Every structure is written in C-alpha cells, then in structure tokens.
$ cat model.tsv   # TSV, C-alpha atoms
chain	number	residue	atom	x	y	z
A	43	MET	CA	0.00	0.00	0.00
A	44	THR	CA	1.41	3.39	-1.00
A	45	THR	CA	2.00	6.19	1.49
A	46	ILE	CA	-0.85	8.28	0.01
A	47	LYS	CA	-3.31	5.37	0.31
A	48	LYS	CA	-2.24	4.77	3.90
A	49	LEU	CA	-2.72	8.46	4.68
A	50	ILE	CA	-6.19	8.49	3.11
A	51	LEU	CA	-7.18	5.35	5.04
A	52	LEU	CA	-5.87	6.84	8.29
A	53	LEU	CA	-7.79	10.09	7.71
A	54	PHE	CA	-10.96	8.11	6.94
A	55	ILE	CA	-10.63	6.05	10.12
A	56	GLN	CA	-9.97	9.15	12.20
A	57	GLY	CA	-12.91	11.00	10.63
A	58	PHE	CA	-15.22	8.03	11.27
A	59	GLY	CA	-14.03	7.89	14.87
A	60	PHE	CA	-14.64	11.61	15.37
A	61	CYS	CA	-18.17	11.21	13.93
A	62	LEU	CA	-18.97	8.40	16.38
A	63	ILE	CA	-17.64	10.43	19.30
A	64	ALA	CA	-19.63	13.50	18.23
A	65	GLN	CA	-22.77	11.39	17.83
A	66	GLU	CA	-22.36	9.83	21.27
A	67	GLU	CA	-21.85	13.27	22.84
A	68	LYS	CA	-25.01	14.57	21.16
A	69	ILE	CA	-27.03	11.57	22.35
A	70	LYS	CA	-25.73	11.99	25.91
A	71	GLU	CA	-26.67	15.68	25.76
A	72	ALA	CA	-30.18	14.72	24.61
A	73	GLU	CA	-30.48	12.12	27.36
A	74	THR	CA	-29.45	14.70	29.95
A	75	ALA	CA	-32.08	17.14	28.64
A	76	TYR	CA	-34.72	14.37	28.70
A	77	THR	CA	-33.82	13.41	32.29
A	78	SER	CA	-34.09	17.09	33.25
A	79	GLU	CA	-37.57	17.13	31.64
A	80	ASP	CA	-36.40	19.63	29.03
A	81	TYR	CA	-38.20	17.70	26.31
A	82	ILE	CA	-38.08	20.49	23.72
A	83	LYS	CA	-34.28	20.59	23.89
A	84	ALA	CA	-34.10	16.77	23.76
A	85	ILE	CA	-36.31	16.80	20.65
A	86	GLU	CA	-34.08	19.36	18.92
A	87	ILE	CA	-30.93	17.36	19.65
A	88	TYR	CA	-32.41	14.00	18.59
A	89	GLU	CA	-33.72	15.56	15.36
A	90	ASP	CA	-30.24	16.97	14.72
A	91	VAL	CA	-28.66	13.55	15.31
A	92	LEU	CA	-31.01	11.94	12.77
A	93	LEU	CA	-30.32	14.70	10.26
A	94	ASN	CA	-26.54	14.52	10.54
A	95	TYR	CA	-25.80	10.89	11.42
A	96	GLY	CA	-28.59	8.88	9.75
A	97	ASP	CA	-31.39	6.58	10.88
A	98	SER	CA	-31.25	4.73	14.18
A	99	TYR	CA	-34.12	2.93	15.87
A	100	GLU	CA	-32.74	3.91	19.29
A	101	VAL	CA	-32.81	7.61	18.37
A	102	TYR	CA	-36.28	7.34	16.81
A	103	TYR	CA	-37.49	5.58	19.96
A	104	ASN	CA	-36.02	8.20	22.28
A	105	LEU	CA	-37.35	10.98	20.06
A	106	GLY	CA	-40.80	9.39	20.23
A	107	ASN	CA	-40.56	9.33	24.03
A	108	ALA	CA	-39.60	13.01	24.11
A	109	TYR	CA	-42.53	13.94	21.85
A	110	TYR	CA	-44.88	11.81	23.95
A	111	LYS	CA	-43.74	13.50	27.17
A	112	SER	CA	-44.21	16.92	25.59
A	113	GLY	CA	-47.79	16.03	24.66
A	114	LYS	CA	-47.24	15.84	20.88
A	115	ILE	CA	-48.92	12.56	20.03
A	116	ALA	CA	-48.68	12.57	16.22
A	117	PRO	CA	-44.87	13.04	16.12
A	118	ALA	CA	-44.54	10.48	18.92
A	119	ILE	CA	-46.50	7.87	16.93
A	120	LEU	CA	-44.55	8.74	13.78
A	121	ASN	CA	-41.17	8.16	15.43
A	122	TYR	CA	-42.28	4.98	17.22
A	123	GLU	CA	-43.47	3.65	13.84
A	124	ARG	CA	-40.14	4.54	12.24
A	125	ALA	CA	-38.26	2.81	15.05
A	126	LEU	CA	-40.47	-0.26	14.68
A	127	LEU	CA	-39.78	-0.43	10.94
A	128	ILE	CA	-36.06	-0.72	11.64
A	129	ASN	CA	-36.39	-3.04	14.62
A	130	PRO	CA	-39.79	-4.80	14.62
A	131	SER	CA	-38.69	-7.23	17.35
A	132	ASP	CA	-38.35	-4.55	20.06
A	133	GLY	CA	-41.14	-4.98	22.62
A	134	ASP	CA	-40.55	-1.59	24.27
A	135	ILE	CA	-41.13	0.26	21.01
A	136	ARG	CA	-44.31	-1.69	20.33
A	137	PHE	CA	-45.62	-1.10	23.86
A	138	ASN	CA	-44.95	2.66	23.78
A	139	LEU	CA	-46.53	2.89	20.34
A	140	GLU	CA	-49.71	1.27	21.64
A	141	MET	CA	-49.72	3.66	24.62
A	142	ALA	CA	-49.41	6.65	22.28
A	143	LYS	CA	-52.21	5.32	20.06
A	144	LEU	CA	-54.52	5.26	23.08
A	145	LYS	CA	-54.25	9.06	23.20
A	146	ALA	CA	-55.21	9.46	19.54
A	147	VAL	CA	-58.82	10.44	18.80
A	148	ASP	CA	-59.55	7.87	16.09
A	149	LYS	CA	-59.80	4.26	17.21
A	150	ILE	CA	-59.48	2.24	14.03
A	151	GLU	CA	-60.33	-1.44	14.35
A	152	PRO	CA	-58.19	-3.48	11.93
A	153	ILE	CA	-59.87	-6.01	9.66
A	154	GLY	CA	-59.49	-9.51	11.04
A	155	GLU	CA	-56.63	-11.45	9.44
A	156	PHE	CA	-56.45	-15.15	8.66
A	157	PHE	CA	-54.64	-16.80	11.59
A	158	LEU	CA	-51.83	-18.18	9.38
A	159	ILE	CA	-51.03	-14.69	8.05
A	160	LYS	CA	-51.06	-13.36	11.61
A	161	TRP	CA	-48.74	-16.16	12.73
A	162	PHE	CA	-46.45	-15.57	9.73
A	163	ARG	CA	-46.10	-11.87	10.59
A	164	SER	CA	-45.49	-12.57	14.27
A	165	VAL	CA	-42.66	-14.96	13.39
A	166	GLN	CA	-41.29	-12.46	10.87
A	167	ASN	CA	-41.16	-9.77	13.54
A	168	ILE	CA	-39.08	-11.88	15.92
A	169	PHE	CA	-35.91	-10.46	14.32
A	170	SER	CA	-34.87	-7.41	12.32
A	171	VAL	CA	-33.94	-7.52	8.62
A	172	ASP	CA	-30.20	-7.69	9.41
A	173	THR	CA	-30.68	-10.56	11.85
A	174	TRP	CA	-32.79	-12.54	9.36
A	175	ALA	CA	-30.11	-11.97	6.72
A	176	ALA	CA	-27.47	-13.29	9.13
A	177	VAL	CA	-29.67	-16.30	9.95
A	178	GLY	CA	-30.04	-17.02	6.23
A	179	ILE	CA	-26.28	-16.85	5.60
A	180	THR	CA	-25.51	-19.05	8.62
A	181	CYS	CA	-28.09	-21.64	7.58
A	182	PHE	CA	-26.70	-21.65	4.03
A	183	ILE	CA	-23.17	-22.37	5.28
A	184	LEU	CA	-24.49	-25.19	7.48
A	185	PHE	CA	-26.54	-26.48	4.53
A	186	ILE	CA	-23.36	-26.77	2.44
A	187	GLY	CA	-21.82	-28.73	5.31
A	188	CYS	CA	-24.80	-31.09	5.30
A	189	LEU	CA	-24.43	-31.63	1.56
A	190	VAL	CA	-20.79	-32.55	2.05
A	191	LEU	CA	-21.79	-34.92	4.85
A	192	PHE	CA	-24.50	-36.52	2.70
A	193	PHE	CA	-22.42	-37.03	-0.44
A	194	PHE	CA	-19.03	-37.89	1.03
A	195	SER	CA	-19.70	-39.64	4.32
A	196	LYS	CA	-19.18	-43.42	4.34
A	197	TRP	CA	-21.54	-43.97	7.28
A	198	MET	CA	-25.24	-44.31	6.54
A	199	ARG	CA	-26.21	-42.68	9.84
A	200	LEU	CA	-24.22	-39.55	9.00
A	201	LYS	CA	-25.74	-39.51	5.51
A	202	LYS	CA	-29.24	-39.55	7.06
A	203	ILE	CA	-28.30	-36.78	9.51
A	204	GLY	CA	-26.91	-34.72	6.63
A	205	PHE	CA	-30.05	-35.28	4.54
A	206	TYR	CA	-32.70	-34.50	7.18
A	207	LEU	CA	-30.78	-31.63	8.75
A	208	GLY	CA	-30.14	-30.24	5.27
A	209	CYS	CA	-33.89	-30.28	4.55
A	210	VAL	CA	-34.59	-28.34	7.77
A	211	LEU	CA	-31.85	-25.84	6.98
A	212	LEU	CA	-33.16	-25.39	3.43
A	213	VAL	CA	-36.60	-24.48	4.80
A	214	MET	CA	-34.97	-22.03	7.22
A	215	ILE	CA	-32.97	-20.48	4.37
A	216	ILE	CA	-36.14	-19.95	2.32
A	217	PHE	CA	-38.15	-18.43	5.17
A	218	SER	CA	-35.34	-16.25	6.54
A	219	ASN	CA	-34.86	-14.78	3.06
A	220	ILE	CA	-38.60	-14.19	2.69
A	221	PHE	CA	-38.72	-12.48	6.11
A	222	ALA	CA	-35.64	-10.35	5.32
A	223	TYR	CA	-37.10	-9.39	1.92
A	224	ASN	CA	-40.47	-8.38	3.39
A	225	GLN	CA	-38.88	-6.25	6.09
A	226	LYS	CA	-36.47	-4.64	3.63
A	227	LYS	CA	-39.37	-3.89	1.27
A	228	ALA	CA	-41.30	-2.24	4.11
A	229	LEU	CA	-38.25	-0.09	4.91
A	230	VAL	CA	-37.79	0.99	1.29
A	231	ASP	CA	-41.44	1.44	0.23
A	232	ARG	CA	-42.68	3.15	3.42
A	233	ASN	CA	-46.30	3.35	2.32
A	234	GLY	CA	-47.49	4.13	5.84
A	235	ALA	CA	-48.13	7.68	7.03
A	236	ILE	CA	-49.46	9.59	10.03
A	237	VAL	CA	-52.08	12.36	9.95
A	238	PHE	CA	-50.32	15.53	11.12
A	239	VAL	CA	-53.18	18.04	11.34
A	240	PRO	CA	-55.84	18.30	14.09
A	241	THR	CA	-58.64	17.25	11.70
A	242	VAL	CA	-58.87	16.50	8.00
A	243	THR	CA	-61.79	15.51	5.79
A	244	ILE	CA	-61.16	12.55	3.51
A	245	LYS	CA	-62.49	13.08	-0.01
A	246	SER	CA	-63.98	10.71	-2.58
A	247	SER	CA	-61.70	12.10	-5.31
A	248	PRO	CA	-58.34	13.93	-5.49
A	249	ASP	CA	-59.96	17.35	-5.38
A	250	THR	CA	-61.26	19.75	-2.75
A	251	SER	CA	-64.67	19.62	-4.44
A	252	GLY	CA	-64.90	15.85	-3.95
A	253	THR	CA	-67.56	14.35	-1.71
A	254	ASP	CA	-66.75	14.30	2.02
A	255	LEU	CA	-66.38	10.69	3.15
A	256	PHE	CA	-65.19	10.81	6.75
A	257	VAL	CA	-62.99	12.82	9.10
A	258	LEU	CA	-59.61	11.79	10.52
A	259	HIS	CA	-57.71	13.28	13.41
A	260	GLU	CA	-54.09	13.86	14.33
A	261	GLY	CA	-52.05	10.72	14.99
A	262	THR	CA	-54.10	8.29	12.87
A	263	LYS	CA	-52.10	5.83	10.78
A	264	ILE	CA	-52.99	5.46	7.10
A	265	PHE	CA	-51.59	3.51	4.15
A	266	ILE	CA	-50.88	5.21	0.82
A	267	LYS	CA	-52.21	3.21	-2.12
A	268	SER	CA	-51.40	5.64	-4.94
A	269	SER	CA	-50.64	9.29	-5.67
A	270	LEU	CA	-52.02	11.84	-8.13
A	271	GLY	CA	-50.32	15.22	-8.07
A	272	GLU	CA	-50.42	16.48	-4.48
A	273	TRP	CA	-53.13	14.02	-3.47
A	274	ASN	CA	-52.75	10.53	-2.04
A	275	GLU	CA	-55.27	7.71	-2.21
A	276	ILE	CA	-55.28	6.13	1.23
A	277	GLU	CA	-56.63	3.08	3.03
A	278	LEU	CA	-57.26	2.69	6.73
A	279	GLU	CA	-56.69	-0.46	8.76
A	280	ASP	CA	-60.47	-1.02	8.77
A	281	GLY	CA	-60.60	-1.01	4.95
A	282	ASN	CA	-62.06	2.48	4.39
A	283	VAL	CA	-60.50	4.33	1.44
A	284	GLY	CA	-60.40	7.91	0.20
A	285	TRP	CA	-58.16	10.80	-0.86
A	286	ILE	CA	-56.11	13.17	1.28
A	287	HIS	CA	-53.81	16.08	0.43
A	288	GLN	CA	-50.18	15.20	1.07
A	289	LYS	CA	-49.61	18.35	3.16
A	290	ASN	CA	-51.79	16.84	5.89
A	291	ILE	CA	-49.68	13.73	6.45
A	292	GLU	CA	-46.12	12.69	7.23
A	293	LYS	CA	-44.70	9.49	5.74
A	294	ILE	CA	-43.31	6.91	8.13

$ encode --input "model.tsv" --output "structure tokens"
Amino acid sequence: MTTIKKLILLLFIQGFGFCLIAQEEKIKEAETAYTSEDYIKAIEIYEDVLLNYGDSYEVYYNLGNAYYKSGKIAPAILNYERALLINPSDGDIRFNLEMAKLKAVDKIEPIGEFFLIKWFRSVQNIFSVDTWAAVGITCFILFIGCLVLFFFSKWMRLKKIGFYLGCVLLVMIIFSNIFAYNQKKALVDRNGAIVFVPTVTIKSSPDTSGTDLFVLHEGTKIFIKSSLGEWNEIELEDGNVGWIHQKNIEKI
C-alpha cells in the first residue's frame, strides 16, 4: 500500500471515529435534557442527530418518548413507527406505540386477518432484517456442510443426519430470506403515514370539491395506495379508502 493510500485510510478512520464520538456526545446531551424534563431541547438534539448521522431505531425511539412526554402525540407515533420499521422485534417500542395510540382520537379497528397470516407476521417480527439476513447466511453455510456430509460420508447414519438436517436448513434459508425481503421492502417502500393536522376531511376524489367521506384526526395511521399530483389515495386499517392532500400527512 502506497504512502498516500495509507494516509487516506488513516484520515478516513480518524474521521469516522470523530463522527462516532460526536454522535455519542449529542445523544448523551439529549439524554441529559430528557432526564431534566427539558423535552423540547431533547427533541431538537435527537432531530439533529437523525439529520446529521442517519437513521437509528434507538434515536427514533427516544425521540418518540420526548414527543410523547411533551404532549405531541402525532410526532410520537410517527417516530415509534419509524423505530419499529427498523427493529420490529423490540417490545418496548411496540408497547410505547400502543400507549401513544390510546391518546389518539380515532380508534381504528383493523380487519381480522387469517390466523396463518397473523402467525407468519409474528414470526417475521421476531428479528430485524439484518438478523434474518445473518440467519439465512448461517443456515446456508451449514446447509453446504450437510451436503458434504450426505455425499461424502461413508456412514449411513451420517448420511441420514446430513439429509434431514439439510432439509430443515433449506426451509430455514427460504423463510429467513422471505422475512428479510419483506422487512427490507417495508423499509424501502414506506407506504405508511401519520395524519399531522388536528382534523382532515377525507375526499372521494383527489380534489377539494370531492364528496366528504369521513374525518380523521391527528395521529391516525394510514396507508398510501397511490398518488395523483399532491393528493394521495389512502386506506385505513379497517378497509375504508379515500383521498387526502399530502400536506396533511407525514410518511413513516
């Protein structure tokens, strides 16, 4: 490695280290403000950390707590939802999100799901996308080992172990990849949104002259089906659909 390349690598490592230190100092400052019940200051610092250092479910979670403590339910729900997208296995995030939803005006009852779909999603949410990816890679390596055992072992018992264990690992590889793909897709697509105005009337068409269908309140979660100009076609968890202007919502 040339001297210039070594210098560039050293500067990169030092810069990365300084960024981590600066981020940790900012987070500690926000935690101090939160502990002192200065929630507005904590919110400002956490927002700055997200802006300058990227997404983090811990920061989104703490930001949601700060918004919740300051009485701002819609931003609290938004940040809990963002944290849950990154780490769907975290029980604390899910619990705090449910607590925040209790303070929202609209109580939307989700449509009942087939029990197998519900079970599938609950298993999927045991781990995050990165963990499922790691599980898939680990199972694939073990699967290769089982193939070697099956094809090259001279003992019938080891061949059987290699075969049956390989079948189990193959199933785990398939499902871990499906789970990782679904979670990654949810992170990239982000079709969920939160209503960010006190009240908004949902229209039958993407126009202010459209027929009034129903009214939603701040903090309600919606799903964006399609977009037309500055209007979004939305669906609620209970199946109701309509159109809302994009200025009234914030994407998760």

$ atom_distance --input "model.tsv" --atom1 "CA of Ile286 (chain A)" --atom2 "CA of Glu260 (chain A)"
13.2 Å

$ closest_residue --input "model.tsv" --among "A:Ile276, A:Val171, A:Cys188, A:Ile291" --to "Pro240 (chain A)" --atoms "all atoms listed in the file"
A:Ile291

$ residues_around --input "model.tsv" --residues "Glu151 (chain A)" --least-positions-apart "3" --cutoff "9 Å" --atoms "all atoms listed in the file" --output "PyMOL selection string"
chain A and resi 154+279-280

$ closest_residue --input "model.tsv" --among "A:Met214, A:Cys209, A:Val147, A:Ile168" --to "Gly133 (chain A)" --atoms "all atoms listed in the file"
A:Ile168

$ closest_residue --input "model.tsv" --among "A:Trp273, A:Phe265, A:Phe185, A:Trp285" --to "Thr253 (chain A)" --atoms "only C-alpha atoms"
A:Trp285

$ closest_residue --input "model.tsv" --among "A:Leu270, A:Leu105, A:Ile236, A:Leu126" --to "Asn290 (chain A)" --atoms "all atoms listed in the file"
A:Ile236

$ closest_residue --input "model.tsv" --among "A:Lys83, A:Arg232, A:Lys267, A:His259" --to "Lys149 (chain A)" --atoms "all atoms listed in the file"
A:His259

$ residues_around --input "model.tsv" --residues "region 63-76 of chain A" --least-positions-apart "3" --cutoff "10 Å" --atoms "only C-alpha atoms" --output "number ranges by chain"
A: 57-60, 79-92, 94-95, 101, 104-105, 107-108, 111

$ atom_distance --input "model.tsv" --atom1 "CA of Ile215 (chain A)" --atom2 "CA of Val177 (chain A)"
7.7 Å

$ atom_distance --input "model.tsv" --atom1 "CA of Tyr223 (chain A)" --atom2 "CA of Ser131 (chain A)"
15.7 Å

$ closest_residue --input "model.tsv" --among "A:Asn282, A:Asn138, A:Ser269, A:Gln166" --to "Asn224 (chain A)" --atoms "all atoms listed in the file"
A:Gln166

$ residues_around --input "model.tsv" --residues "Asn121 (chain A)" --least-positions-apart "6" --cutoff "7 Å" --atoms "all atoms listed in the file" --output "list in words"
Tyr102, Tyr103, Leu105 and Gly106 of chain A

$ write_last_selection --input "model.tsv" --atoms "C-alpha atoms" --output "PDB file, keeping the file's coordinate frame"
ATOM      1  CA  TYR A 102     -36.280   7.340  16.810  1.00  0.00           C
ATOM      2  CA  TYR A 103     -37.490   5.580  19.960  1.00  0.00           C
ATOM      3  CA  LEU A 105     -37.350  10.980  20.060  1.00  0.00           C
ATOM      4  CA  GLY A 106     -40.800   9.390  20.230  1.00  0.00           C
TER       5      GLY A 106
END

$ axis_aligned_box --input "model.tsv" --around "region 150-164 of chain A" --padding-each-side "4 Å" --output "JSON"
{"center_x": -52.9, "center_y": -8.0, "center_z": 11.2, "size_x": 22.8, "size_y": 28.4, "size_z": 14.3}

$ residues_around --input "model.tsv" --residues "Lys289 (chain A)" --least-positions-apart "3" --cutoff "12 Å" --atoms "only C-alpha atoms" --output "list of chain:residue names"
A:Ala235, A:Ile236, A:Val237, A:Phe238, A:Val239, A:Val242, A:Gly271, A:Glu272, A:Trp273, A:Asn274, A:Ile286, A:Glu292, A:Lys293

$ residues_around --input "model.tsv" --residues "Leu211 (chain A)" --least-positions-apart "4" --cutoff "12 Å" --atoms "all atoms listed in the file" --output "compact mmCIF listing (two decimals) with C-alpha atoms, in the coordinates of the input"
# COMPACT_ATOMS: atom_id res chain seq x y z
CA VAL A 177 -29.67 -16.30 9.95
CA GLY A 178 -30.04 -17.02 6.23
CA ILE A 179 -26.28 -16.85 5.60
CA THR A 180 -25.51 -19.05 8.62
CA CYS A 181 -28.09 -21.64 7.58
CA PHE A 182 -26.70 -21.65 4.03
CA ILE A 183 -23.17 -22.37 5.28
CA LEU A 184 -24.49 -25.19 7.48
CA PHE A 185 -26.54 -26.48 4.53
CA ILE A 186 -23.36 -26.77 2.44
CA GLY A 187 -21.82 -28.73 5.31
CA CYS A 188 -24.80 -31.09 5.30
CA LEU A 189 -24.43 -31.63 1.56
CA ILE A 203 -28.30 -36.78 9.51
CA GLY A 204 -26.91 -34.72 6.63
CA PHE A 205 -30.05 -35.28 4.54
CA TYR A 206 -32.70 -34.50 7.18
CA LEU A 207 -30.78 -31.63 8.75
CA ILE A 215 -32.97 -20.48 4.37
CA ILE A 216 -36.14 -19.95 2.32
CA PHE A 217 -38.15 -18.43 5.17
CA SER A 218 -35.34 -16.25 6.54
